[in-house]
file upload-v1.csv (CSV, C-alpha atoms)
chain,number,residue,atom,x,y,z
A,1,MET,CA,37.5,9.9,-2.9
A,2,GLN,CA,37.1,6.2,-2.1
A,3,LYS,CA,40.1,4.7,-0.2
A,4,SER,CA,41.0,1.1,-0.3
A,5,LEU,CA,42.1,0.7,3.3
A,6,ILE,CA,43.0,-3.0,2.9
A,7,ILE,CA,43.8,-4.6,6.3
A,8,ASP,CA,46.9,-6.7,6.1
A,9,ARG,CA,48.0,-7.4,9.7
A,10,PHE,CA,46.8,-7.4,13.3
A,11,GLU,CA,48.3,-7.5,16.7
A,12,LEU,CA,46.8,-8.3,20.1
A,13,PHE,CA,48.0,-6.9,23.5
A,14,LYS,CA,46.9,-8.3,26.8
A,15,VAL,CA,47.5,-5.4,29.2
A,16,PRO,CA,46.8,-4.8,32.9
A,17,PRO,CA,44.5,-4.5,34.7
A,18,ARG,CA,42.3,-7.0,32.7
A,19,TRP,CA,42.1,-5.7,29.1
A,20,LEU,CA,42.8,-6.9,25.6
A,21,PHE,CA,43.7,-4.4,22.9
A,22,LEU,CA,43.6,-5.1,19.1
A,23,LYS,CA,45.6,-3.1,16.5
A,24,LEU,CA,44.7,-3.4,12.8
A,25,THR,CA,47.1,-2.0,10.2
A,26,THR,CA,46.3,-1.4,6.5
A,27,ARG,CA,48.7,-1.7,3.6
A,28,ASP,CA,48.9,2.1,3.3
A,29,GLY,CA,49.8,2.5,7.0
A,30,PHE,CA,46.5,3.5,8.6
A,31,THR,CA,46.0,1.9,12.1
A,32,GLY,CA,42.9,1.3,14.1
A,33,TRP,CA,42.4,0.1,17.7
A,34,GLY,CA,39.7,-2.0,19.2
A,35,GLU,CA,39.0,-3.7,22.6
A,36,PRO,CA,37.8,-7.3,22.2
A,37,VAL,CA,37.6,-8.8,25.6
A,38,ILE,CA,35.5,-10.7,28.0
A,39,GLU,CA,36.6,-9.9,31.6
A,40,GLY,CA,38.3,-13.1,32.8
A,41,ARG,CA,38.4,-14.7,29.3
A,42,ALA,CA,41.0,-12.5,27.5
A,43,ASP,CA,42.9,-15.5,26.2
A,44,THR,CA,39.8,-17.1,24.8
A,45,VAL,CA,38.7,-14.0,23.0
A,46,ALA,CA,42.2,-13.5,21.7
A,47,ALA,CA,42.0,-17.0,20.2
A,48,ALA,CA,38.7,-16.1,18.6
A,49,VAL,CA,40.1,-13.0,17.0
A,50,LYS,CA,42.9,-15.0,15.5
A,51,GLU,CA,40.5,-17.7,14.3
A,52,LEU,CA,38.3,-15.0,12.7
A,53,SER,CA,41.2,-13.2,11.0
A,54,TYR,CA,40.5,-14.9,7.7
A,55,ALA,CA,37.4,-12.8,7.4
A,56,PHE,CA,39.1,-9.4,7.9
A,57,ILE,CA,42.7,-9.7,6.7
A,58,GLY,CA,42.7,-8.6,3.0
A,59,ARG,CA,39.4,-6.8,3.4
A,60,SER,CA,38.8,-3.0,3.3
A,61,ALA,CA,38.1,-1.2,6.6
A,62,ASN,CA,35.4,0.5,4.6
A,63,ASP,CA,33.4,-2.7,4.5
A,64,ILE,CA,32.3,-2.7,8.1
A,65,GLU,CA,28.8,-4.1,7.6
A,66,ASP,CA,29.8,-6.8,5.2
A,67,VAL,CA,32.7,-8.0,7.4
A,68,TRP,CA,30.4,-8.0,10.4
A,69,GLN,CA,27.9,-10.2,8.6
A,70,VAL,CA,30.6,-12.6,7.6
A,71,LEU,CA,32.1,-12.7,11.1
A,72,TYR,CA,28.7,-13.3,12.7
A,73,ARG,CA,26.6,-15.3,10.2
A,74,ALA,CA,29.0,-17.2,7.9
A,75,GLY,CA,30.3,-19.5,10.6
A,76,PHE,CA,26.9,-21.2,11.1
A,77,TYR,CA,27.1,-21.1,14.9
A,78,ARG,CA,26.6,-17.6,16.2
A,79,GLY,CA,26.2,-15.4,19.2
A,80,GLY,CA,27.5,-15.6,22.8
A,81,PRO,CA,30.0,-13.5,24.7
A,82,VAL,CA,33.3,-14.8,23.2
A,83,LEU,CA,32.3,-14.6,19.5
A,84,THR,CA,30.5,-11.2,19.8
A,85,SER,CA,33.3,-9.7,21.9
A,86,ALA,CA,35.9,-10.7,19.3
A,87,ILE,CA,33.6,-9.2,16.6
A,88,SER,CA,33.1,-6.1,18.7
A,89,GLY,CA,36.8,-5.3,18.9
A,90,ILE,CA,37.4,-6.0,15.2
A,91,GLU,CA,34.5,-3.7,14.3
A,92,GLN,CA,35.7,-0.9,16.6
A,93,ALA,CA,39.2,-1.0,15.0
A,94,MET,CA,37.7,-0.9,11.5
A,95,TRP,CA,35.8,2.2,12.4
A,96,ASP,CA,38.9,3.8,13.9
A,97,ILE,CA,40.8,3.2,10.6
A,98,LYS,CA,37.9,4.5,8.5
A,99,GLY,CA,37.5,7.7,10.6
A,100,LYS,CA,41.2,8.4,10.5
A,101,ALA,CA,41.4,7.8,6.8
A,102,TYR,CA,38.6,10.3,6.1
A,103,GLY,CA,39.5,12.7,8.8
A,104,LEU,CA,36.2,12.3,10.7
A,105,PRO,CA,35.0,11.1,14.1
A,106,VAL,CA,33.0,7.9,13.9
A,107,TYR,CA,29.8,9.7,14.9
A,108,GLU,CA,29.9,11.7,11.6
A,109,PHE,CA,29.4,8.4,9.7
A,110,LEU,CA,26.3,7.6,11.9
A,111,GLY,CA,24.3,10.8,11.3
A,112,GLY,CA,26.3,13.3,13.2
A,113,THR,CA,25.9,14.6,16.8
A,114,CYS,CA,22.7,15.1,18.7
A,115,ARG,CA,24.4,16.5,21.9
A,116,LYS,CA,27.5,18.5,22.8
A,117,HIS,CA,28.6,16.5,25.9
A,118,MET,CA,27.6,13.2,27.6
A,119,PRO,CA,26.9,12.7,31.3
A,120,VAL,CA,29.0,10.0,33.0
A,121,TYR,CA,28.9,8.1,36.3
A,122,CYS,CA,31.6,6.5,38.4
A,123,TRP,CA,31.8,3.5,40.8
A,124,ILE,CA,32.0,3.6,44.5
A,125,GLY,CA,32.1,1.0,47.3
A,126,GLY,CA,33.8,-1.9,45.7
A,127,ASP,CA,32.6,-5.5,45.3
A,128,ARG,CA,31.4,-5.7,48.9
A,129,PRO,CA,30.2,-2.1,49.3
A,130,THR,CA,31.6,-0.1,52.2
A,131,GLN,CA,32.2,3.6,53.1
A,132,VAL,CA,30.0,4.7,50.2
A,133,ALA,CA,28.8,8.0,51.8
A,134,ALA,CA,32.4,9.3,52.1
A,135,GLN,CA,33.3,8.1,48.6
A,136,ALA,CA,30.2,9.6,47.1
A,137,GLN,CA,31.0,12.9,48.7
A,138,GLU,CA,34.5,12.8,47.3
A,139,LYS,CA,33.3,12.0,43.8
A,140,PHE,CA,30.8,14.9,44.1
A,141,GLN,CA,33.6,17.3,45.1
A,142,ASN,CA,35.5,16.0,42.0
A,143,GLY,CA,32.7,17.0,39.7
A,144,TYR,CA,30.7,13.8,39.3
A,145,ARG,CA,27.0,14.1,39.5
A,146,ALA,CA,26.1,10.4,39.5
A,147,VAL,CA,27.5,7.3,41.1
A,148,LYS,CA,26.8,3.6,41.1
A,149,MET,CA,27.4,1.0,43.8
A,150,ASN,CA,26.8,-2.7,44.3
A,151,ALA,CA,23.8,-3.4,46.4
A,152,THR,CA,25.2,-6.2,48.4
A,153,ALA,CA,27.9,-8.9,48.7
A,154,GLU,CA,27.0,-12.5,48.1
A,155,LEU,CA,23.3,-13.2,48.9
A,156,GLY,CA,21.3,-16.4,49.5
A,157,TRP,CA,18.2,-17.3,47.6
A,158,LEU,CA,16.3,-16.3,50.7
A,159,ASP,CA,18.5,-14.2,53.0
A,160,SER,CA,18.0,-12.3,56.2
A,161,PHE,CA,16.2,-8.9,56.3
A,162,GLN,CA,19.4,-7.6,58.0
A,163,ARG,CA,21.1,-7.8,54.6
A,164,VAL,CA,18.3,-5.7,53.1
A,165,GLU,CA,18.6,-3.1,55.9
A,166,GLU,CA,22.4,-2.9,55.3
A,167,THR,CA,21.8,-2.1,51.7
A,168,VAL,CA,19.2,0.5,52.5
A,169,ALA,CA,21.4,2.1,55.1
A,170,ARG,CA,24.2,2.6,52.6
A,171,VAL,CA,21.9,4.4,50.2
A,172,GLN,CA,20.4,6.4,53.0
A,173,ALA,CA,23.8,7.5,54.1
A,174,ILE,CA,24.6,9.0,50.7
A,175,ARG,CA,21.3,10.8,50.6
A,176,GLU,CA,21.9,12.2,54.1
A,177,VAL,CA,25.3,13.7,53.0
A,178,LEU,CA,24.3,14.9,49.5
A,179,GLY,CA,20.6,14.9,49.3
A,180,ASP,CA,19.2,14.8,45.8
A,181,ARG,CA,22.3,16.6,44.4
A,182,ILE,CA,23.7,13.4,43.1
A,183,GLY,CA,22.2,10.5,41.1
A,184,ILE,CA,22.5,7.0,42.7
A,185,ALA,CA,22.3,3.8,40.8
A,186,VAL,CA,22.3,0.5,42.6
A,187,ASP,CA,23.7,-2.6,40.8
A,188,PHE,CA,22.2,-5.9,42.0
A,189,HIS,CA,24.8,-7.6,39.7
A,190,GLY,CA,22.6,-10.6,39.2
A,191,ARG,CA,23.5,-11.6,42.8
A,192,VAL,CA,19.9,-11.3,44.0
A,193,HIS,CA,17.3,-13.9,43.3
A,194,LYS,CA,13.7,-12.9,42.6
A,195,SER,CA,12.3,-13.4,46.1
A,196,MET,CA,14.9,-11.1,47.6
A,197,ALA,CA,15.0,-8.6,44.6
A,198,ARG,CA,11.3,-7.8,45.2
A,199,VAL,CA,12.0,-7.0,48.8
A,200,LEU,CA,15.1,-5.0,48.1
A,201,MET,CA,13.6,-2.9,45.3
A,202,LYS,CA,10.6,-2.0,47.4
A,203,GLU,CA,12.7,-0.9,50.4
A,204,LEU,CA,14.9,1.2,48.1
A,205,GLU,CA,12.0,2.9,46.3
A,206,PRO,CA,11.8,5.9,48.7
A,207,TYR,CA,15.4,7.0,47.9
A,208,HIS,CA,14.7,8.1,44.3
A,209,LEU,CA,17.3,6.0,42.6
A,210,MET,CA,18.4,6.6,38.9
A,211,PHE,CA,18.0,2.9,38.3
A,212,ILE,CA,18.4,-0.6,39.7
A,213,GLU,CA,20.7,-2.7,37.5
A,214,GLU,CA,20.3,-6.4,36.9
A,215,PRO,CA,17.8,-7.0,39.7
A,216,VAL,CA,17.9,-10.6,38.6
A,217,LEU,CA,20.1,-12.5,36.1
A,218,CYS,CA,19.3,-11.7,32.4
A,219,GLU,CA,18.4,-15.4,31.7
A,220,ASN,CA,15.4,-14.8,34.1
A,221,GLU,CA,14.2,-12.0,31.8
A,222,GLU,CA,10.5,-12.8,32.4
A,223,ALA,CA,11.0,-11.6,36.0
A,224,PHE,CA,11.8,-8.1,34.9
A,225,LEU,CA,8.2,-7.5,34.0
A,226,GLN,CA,7.0,-8.9,37.3
A,227,LEU,CA,9.4,-6.6,39.2
A,228,ARG,CA,8.4,-3.7,37.0
A,229,ARG,CA,4.8,-4.1,38.2
A,230,HIS,CA,6.0,-4.2,41.8
A,231,CYS,CA,8.2,-1.1,41.9
A,232,THR,CA,8.5,2.3,40.2
A,233,VAL,CA,12.4,2.5,40.2
A,234,PRO,CA,13.7,2.2,36.6
A,235,ILE,CA,15.2,-1.2,35.8
A,236,ALA,CA,18.4,-1.4,33.8
A,237,ALA,CA,19.9,-4.5,32.2
A,238,GLY,CA,21.7,-5.8,29.2
A,239,GLU,CA,25.5,-6.1,29.9
A,240,ARG,CA,25.2,-9.8,29.4
A,241,ASN,CA,23.1,-9.7,26.2
A,242,TYR,CA,24.5,-9.8,22.7
A,243,THR,CA,23.4,-8.4,19.3
A,244,ARG,CA,19.9,-7.2,18.3
A,245,TRP,CA,18.5,-10.7,18.7
A,246,GLY,CA,19.7,-10.9,22.3
A,247,PHE,CA,17.9,-7.6,23.1
A,248,LYS,CA,14.6,-8.3,21.4
A,249,ASN,CA,12.8,-9.6,24.4
A,250,LEU,CA,14.2,-7.0,26.8
A,251,ILE,CA,12.9,-4.3,24.4
A,252,THR,CA,9.5,-5.7,23.6
A,253,GLN,CA,8.4,-7.3,26.8
A,254,GLY,CA,8.3,-4.0,28.6
A,255,GLY,CA,10.2,-5.0,31.8
A,256,VAL,CA,13.4,-2.9,31.2
A,257,ASP,CA,13.5,0.9,31.1
A,258,ILE,CA,17.2,1.3,30.4
A,259,LEU,CA,19.3,-1.0,28.1
A,260,GLN,CA,23.0,-1.5,28.9
A,261,PRO,CA,24.6,-3.0,25.9
A,262,ASP,CA,28.4,-3.3,26.1
A,263,LEU,CA,30.1,-2.1,22.9
A,264,SER,CA,33.0,-4.6,23.5
A,265,HIS,CA,30.5,-7.5,24.0
A,266,ALA,CA,27.3,-6.8,22.1
A,267,GLY,CA,28.7,-6.6,18.6
A,268,GLY,CA,30.4,-3.2,18.3
A,269,ILE,CA,29.4,0.4,17.5
A,270,LEU,CA,27.0,-0.1,14.6
A,271,GLU,CA,25.3,-3.1,16.2
A,272,VAL,CA,24.6,-1.2,19.4
A,273,ARG,CA,23.4,1.8,17.3
A,274,LYS,CA,20.9,-0.7,15.8
A,275,ILE,CA,19.9,-1.9,19.3
A,276,ALA,CA,19.5,1.7,20.5
A,277,ALA,CA,17.2,2.5,17.5
A,278,MET,CA,15.1,-0.6,18.2
A,279,ALA,CA,14.9,0.6,21.8
A,280,GLU,CA,13.9,4.1,20.9
A,281,ALA,CA,10.9,2.8,19.0
A,282,PHE,CA,9.7,1.3,22.3
A,283,ASP,CA,10.5,4.4,24.4
A,284,VAL,CA,13.4,2.7,26.0
A,285,SER,CA,16.7,4.4,26.7
A,286,VAL,CA,20.3,3.2,26.6
A,287,ALA,CA,23.2,3.6,29.1
A,288,PRO,CA,26.1,1.6,27.6
A,289,HIS,CA,28.0,-0.7,30.0
A,290,CYS,CA,31.7,0.0,30.1
A,291,PRO,CA,33.9,-1.0,33.1
A,292,LEU,CA,36.7,-1.5,30.6
A,293,GLY,CA,39.5,0.4,29.0
A,294,PRO,CA,39.9,3.6,27.0
A,295,ILE,CA,39.2,2.1,23.6
A,296,ALA,CA,35.9,0.7,24.8
A,297,LEU,CA,35.0,4.0,26.4
A,298,ALA,CA,35.8,6.0,23.2
A,299,ALA,CA,33.7,3.6,21.2
A,300,CYS,CA,30.8,4.1,23.7
A,301,LEU,CA,31.1,7.9,23.4
A,302,GLN,CA,31.0,7.8,19.6
A,303,LEU,CA,27.7,6.0,20.0
A,304,ASP,CA,26.4,8.3,22.7
A,305,PHE,CA,27.0,11.5,20.8
A,306,THR,CA,24.8,10.3,17.9
A,307,THR,CA,22.1,8.4,19.8
A,308,PRO,CA,19.1,10.5,21.1
A,309,ASN,CA,18.0,7.9,23.7
A,310,ALA,CA,21.5,7.5,25.3
A,311,VAL,CA,21.1,8.9,28.8
A,312,ILE,CA,24.3,8.3,30.8
A,313,GLN,CA,27.7,6.6,30.3
A,314,GLU,CA,29.5,4.2,32.6
A,315,GLN,CA,33.3,4.6,32.8
A,316,SER,CA,36.0,2.9,34.7
A,317,LEU,CA,38.3,5.6,36.1
A,318,GLY,CA,39.1,4.6,39.7
A,319,ILE,CA,36.9,1.4,39.5
A,320,HIS,CA,37.8,-1.3,42.0
A,321,TYR,CA,39.0,-3.6,39.3
A,322,ASN,CA,41.7,-1.3,38.0
A,323,GLN,CA,44.6,-2.5,40.1
A,324,GLY,CA,48.0,-1.6,38.7
A,325,SER,CA,46.7,0.4,35.7
A,326,ASP,CA,43.9,2.7,35.0
A,327,LEU,CA,41.8,4.3,32.2
A,328,MET,CA,44.2,7.1,31.3
A,329,ASP,CA,47.4,5.2,31.4
A,330,TYR,CA,47.3,4.1,27.8
A,331,LEU,CA,46.4,7.5,26.2
A,332,LYS,CA,48.8,10.1,24.8
A,333,ASP,CA,46.3,12.9,25.5
A,334,LYS,CA,44.8,12.2,28.9
A,335,ALA,CA,42.7,15.3,28.8
A,336,VAL,CA,40.4,13.8,26.1
A,337,PHE,CA,38.2,12.3,28.9
A,338,ALA,CA,38.3,15.5,30.9
A,339,TYR,CA,35.1,15.3,33.0
A,340,GLU,CA,33.5,18.7,33.6
A,341,ASN,CA,30.5,18.8,35.9
A,342,GLY,CA,29.9,15.1,35.4
A,343,HIS,CA,30.1,15.3,31.6
A,344,VAL,CA,32.6,14.3,28.8
A,345,PRO,CA,32.9,16.9,26.1
A,346,LEU,CA,32.5,16.0,22.5
A,347,LEU,CA,35.4,14.0,21.1
A,348,THR,CA,36.4,15.7,17.9
A,349,ALA,CA,39.6,13.8,16.7
A,350,PRO,CA,39.2,11.4,13.8
A,351,GLY,CA,38.2,7.8,14.3
A,352,LEU,CA,37.4,6.8,17.9
A,353,GLY,CA,38.7,10.2,19.0
A,354,ILE,CA,41.7,9.0,21.1
A,355,GLU,CA,45.4,8.4,20.5
A,356,ILE,CA,46.7,5.2,22.0
A,357,ASP,CA,50.2,5.4,23.6
A,358,GLU,CA,51.5,2.4,21.7
A,359,GLU,CA,54.9,2.4,23.5
A,360,LYS,CA,53.1,2.1,26.8
A,361,VAL,CA,50.8,-0.7,25.5
A,362,ARG,CA,53.8,-2.7,24.3
A,363,GLU,CA,55.6,-2.2,27.6
A,364,MET,CA,52.6,-3.3,29.7
A,365,ALA,CA,51.8,-6.2,27.4
A,366,LYS,CA,55.1,-7.7,28.5
A,367,ILE,CA,53.6,-7.8,32.0
A,368,GLY,CA,50.1,-8.9,30.8
A,369,HIS,CA,47.5,-10.2,33.3
A,370,ASP,CA,45.6,-13.3,34.3
A,371,TRP,CA,42.6,-11.5,35.8
A,372,LYS,CA,39.7,-13.8,37.0
A,373,ASN,CA,36.7,-12.7,38.9
A,374,PRO,CA,36.4,-14.2,42.4
A,375,ILE,CA,34.4,-17.3,43.2
A,376,TRP,CA,32.0,-16.5,46.0
A,377,ARG,CA,30.1,-18.9,48.3
A,378,THR,CA,27.3,-18.4,50.8
A,379,ALA,CA,27.8,-19.3,54.4
A,380,ASP,CA,26.7,-22.9,53.8
A,381,GLY,CA,29.3,-23.4,51.1
A,382,ALA,CA,27.0,-23.2,48.0
A,383,VAL,CA,28.3,-21.2,45.1
A,384,ALA,CA,27.0,-17.7,45.0
A,385,GLU,CA,26.7,-15.2,42.1
A,386,TRP,CA,29.6,-12.8,42.0

call {"tool": "encode", "arguments": {"input": "upload-v1.csv", "output": "structure tokens"}}
result
Amino acid sequence: MQKSLIIDRFELFKVPPRWLFLKLTTRDGFTGWGEPVIEGRADTVAAAVKELSYAFIGRSANDIEDVWQVLYRAGFYRGGPVLTSAISGIEQAMWDIKGKAYGLPVYEFLGGTCRKHMPVYCWIGGDRPTQVAAQAQEKFQNGYRAVKMNATAELGWLDSFQRVEETVARVQAIREVLGDRIGIAVDFHGRVHKSMARVLMKELEPYHLMFIEEPVLCENEEAFLQLRRHCTVPIAAGERNYTRWGFKNLITQGGVDILQPDLSHAGGILEVRKIAAMAEAFDVSVAPHCPLGPIALAACLQLDFTTPNAVIQEQSLGIHYNQGSDLMDYLKDKAVFAYENGHVPLLTAPGLGIEIDEEKVREMAKIGHDWKNPIWRTADGAVAEW
């Protein structure tokens, strides 16, 4: 039976450590949660959600595709992190309402499941990576089978080989402790320019990495293919790309092996499902980016469970950004993300598959946050990529 599910109000909650939650409520009392946020620009995205509310208030949560098209296309100017992050959170919340109303997880609307559990990885080392071997061993003992670390701190356009050796030594230390029992991903974070990226990738090649992430900034996408010809380590990128149109070149030019769309930035669940389908046609996999909160992670997992070329999921439990609050703090059932042997089991509850602790959200929203990423400089005082 068709349900009306007319959305008649929304609320935004800026909660620690650096997240923004959106709650949509329908006339007949169904609620849905989304996570529309750009890290360090929460207030800006909140303003965008408010400005876009004309397009979803009074609309049915059933009409996800049409509302998305209005939000993205009807304003003439389109794209970019702020707009698409606002749209992403709205879209997630609409899916959450729809799933709850029909008593089904979101993945059932997208073709059903293609797997029973999803592998995850965790972060080690912090912004300026240290003590990674001990941390990797601890994560392995806690059941993780894959970790990711930043390659280096701030780096000059042409830096010393000592910095390269320091990066290699950290990876080597993990391999010496755990051998090939754990997957290692190294995130260049866009901090490395092409001349240094080529050297770093070649030196890291013998350590059998899962992937190297953002070896150069995404706006230098032509360099991905050059680096691909230089090194056999899989290249991952895409956390700073938005919508199908922002991923076209990454998919078709052949320089990226693993796409990393962020479901709170790239346009939401269905948009990333479309991106993943495009990628599948070019034999490219996806590993959704998600250093965010529990709503964003739940949205990612709904995608992962129905996407054949999804290979591994980032998640933020214990990440160095989570100061004062962490991933599980806003969930009523904290066992829903129970990691077993480095995997998350299938989420079976309706909607996004999680139940938000609204009382906790409202309590922490009174504290709020004003998170901003650090501003880094090289030794000569020039601004460096963070």

call {"tool": "residues_around", "arguments": {"input": "upload-v1.csv", "residues": "segment 107-115 of chain A", "least_positions_apart": "3", "cutoff": "6 Å", "atoms": "only C-alpha atoms", "output": "VMD selection string"}}
result
chain A and resid 302 305 to 306

call {"tool": "closest_residue", "arguments": {"input": "upload-v1.csv", "among": "A:Pro215, A:Gly29, A:Pro345, A:Pro16", "to": "Ala185 of chain A", "atoms": "all atoms listed in the file"}}
result
A:Pro215

call {"tool": "residues_around", "arguments": {"input": "upload-v1.csv", "residues": "segment 31-37 of chain A", "least_positions_apart": "4", "cutoff": "8 Å", "atoms": "only C-alpha atoms", "output": "PyMOL selection string"}}
result
chain A and resi 19-26+41-42+45-46+82+85-97+264-265+293+295-296+356

call {"tool": "closest_residue", "arguments": {"input": "upload-v1.csv", "among": "A:Ile7, A:Ser195, A:Pro129, A:Met149", "to": "Glu166 of chain A", "atoms": "all atoms listed in the file"}}
result
A:Pro129

call {"tool": "closest_residue", "arguments": {"input": "upload-v1.csv", "among": "A:Ala153, A:Ile124, A:Val344, A:Val49", "to": "Gly318 of chain A", "atoms": "all atoms listed in the file"}}
result
A:Ile124

call {"tool": "atom_distance", "arguments": {"input": "upload-v1.csv", "atom1": "atom CA of Asp187 of chain A", "atom2": "atom CA of Tyr144 of chain A"}}
result
17.9 Å

call {"tool": "residues_around", "arguments": {"input": "upload-v1.csv", "residues": "Gly254 of chain A", "least_positions_apart": "6", "cutoff": "10 Å", "atoms": "only C-alpha atoms", "output": "ChimeraX atom specification"}}
result
/A:222,224-225,228,282-284

call {"tool": "residues_around", "arguments": {"input": "upload-v1.csv", "residues": "Arg18 of chain A", "least_positions_apart": "2", "cutoff": "9 Å", "atoms": "all atoms listed in the file", "output": "ChimeraX atom specification"}}
result
/A:14-16,20,37,39-40,42,292-293,321-323,368-372

call {"tool": "residues_around", "arguments": {"input": "upload-v1.csv", "residues": "segment 333-338 of chain A", "least_positions_apart": "3", "cutoff": "9 Å", "atoms": "only C-alpha atoms", "output": "ChimeraX atom specification"}}
result
/A:298,328-330,343-347,353-357

call {"tool": "atom_distance", "arguments": {"input": "upload-v1.csv", "atom1": "atom CA of His289 of chain A", "atom2": "atom CA of Asp159 of chain A"}}
result
28.3 Å

call {"tool": "residues_near_point", "arguments": {"input": "upload-v1.csv", "point": "(18.9, -7.5, 44.0)", "cutoff": "10 Å", "atoms": "all atoms listed in the file", "output": "PyMOL selection string"}}
result
chain A and resi 150-152+155+164+167+186-201+212-217

call {"tool": "closest_residue", "arguments": {"input": "upload-v1.csv", "among": "A:Ile57, A:Ala133, A:Leu83, A:Val383", "to": "Ala266 of chain A", "atoms": "only C-alpha atoms"}}
result
A:Leu83

call {"tool": "decode", "arguments": {"input": "upload-v1.csv", "residues": "segment 355-373 of chain A", "atoms": "N, CA and C atoms", "output": "mmCIF file, in the first residue's frame"}}
result
data_model
loop_
_atom_site.group_PDB
_atom_site.id
_atom_site.type_symbol
_atom_site.label_atom_id
_atom_site.label_comp_id
_atom_site.auth_asym_id
_atom_site.auth_seq_id
_atom_site.Cartn_x
_atom_site.Cartn_y
_atom_site.Cartn_z
ATOM 1 N N GLU A 355 19.309 2.987 15.324
ATOM 2 C CA GLU A 355 18.377 3.799 16.103
ATOM 3 C C GLU A 355 19.179 4.873 16.829
ATOM 4 N N ILE A 356 18.940 6.116 16.469
ATOM 5 C CA ILE A 356 19.666 7.245 17.058
ATOM 6 C C ILE A 356 19.133 7.524 18.456
ATOM 7 N N ASP A 357 20.049 7.758 19.374
ATOM 8 C CA ASP A 357 19.688 8.159 20.737
ATOM 9 C C ASP A 357 19.417 9.664 20.714
ATOM 10 N N GLU A 358 18.165 10.023 20.494
ATOM 11 C CA GLU A 358 17.828 11.429 20.300
ATOM 12 C C GLU A 358 18.082 12.262 21.549
ATOM 13 N N GLU A 359 17.878 11.665 22.704
ATOM 14 C CA GLU A 359 18.138 12.395 23.945
ATOM 15 C C GLU A 359 19.605 12.786 24.033
ATOM 16 N N LYS A 360 20.476 11.853 23.659
ATOM 17 C CA LYS A 360 21.916 12.133 23.663
ATOM 18 C C LYS A 360 22.261 13.198 22.623
ATOM 19 N N VAL A 361 21.641 13.110 21.450
ATOM 20 C CA VAL A 361 21.883 14.100 20.397
ATOM 21 C C VAL A 361 21.521 15.496 20.883
ATOM 22 N N ARG A 362 20.356 15.628 21.501
ATOM 23 C CA ARG A 362 19.917 16.947 21.968
ATOM 24 C C ARG A 362 20.810 17.468 23.089
ATOM 25 N N GLU A 363 21.260 16.571 23.933
ATOM 26 C CA GLU A 363 22.163 16.969 25.021
ATOM 27 C C GLU A 363 23.483 17.489 24.466
ATOM 28 N N MET A 364 24.058 16.764 23.506
ATOM 29 C CA MET A 364 25.361 17.141 22.967
ATOM 30 C C MET A 364 25.271 18.332 22.013
ATOM 31 N N ALA A 365 24.098 18.537 21.407
ATOM 32 C CA ALA A 365 23.922 19.693 20.529
ATOM 33 C C ALA A 365 23.999 20.999 21.317
ATOM 34 N N LYS A 366 23.723 20.943 22.612
ATOM 35 C CA LYS A 366 23.868 22.133 23.457
ATOM 36 C C LYS A 366 25.343 22.519 23.605
ATOM 37 N N ILE A 367 26.207 21.520 23.485
ATOM 38 C CA ILE A 367 27.661 21.760 23.527
ATOM 39 C C ILE A 367 28.154 22.193 22.148
ATOM 40 N N GLY A 368 27.693 21.451 21.124
ATOM 41 C CA GLY A 368 28.068 21.784 19.745
ATOM 42 C C GLY A 368 29.550 21.613 19.485
ATOM 43 N N HIS A 369 30.038 22.279 18.464
ATOM 44 C CA HIS A 369 31.466 22.240 18.150
ATOM 45 C C HIS A 369 31.777 23.360 17.176
ATOM 46 N N ASP A 370 33.036 23.655 17.046
ATOM 47 C CA ASP A 370 33.509 24.595 16.018
ATOM 48 C C ASP A 370 34.775 24.021 15.399
ATOM 49 N N TRP A 371 34.681 22.749 14.976
ATOM 50 C CA TRP A 371 35.863 22.038 14.486
ATOM 51 C C TRP A 371 36.368 22.651 13.182
ATOM 52 N N LYS A 372 37.662 22.853 13.115
ATOM 53 C CA LYS A 372 38.339 23.289 11.891
ATOM 54 C C LYS A 372 39.616 22.475 11.740
ATOM 55 N N ASN A 373 39.946 22.140 10.509
ATOM 56 C CA ASN A 373 41.208 21.424 10.336
ATOM 57 C C ASN A 373 42.383 22.387 10.549
#
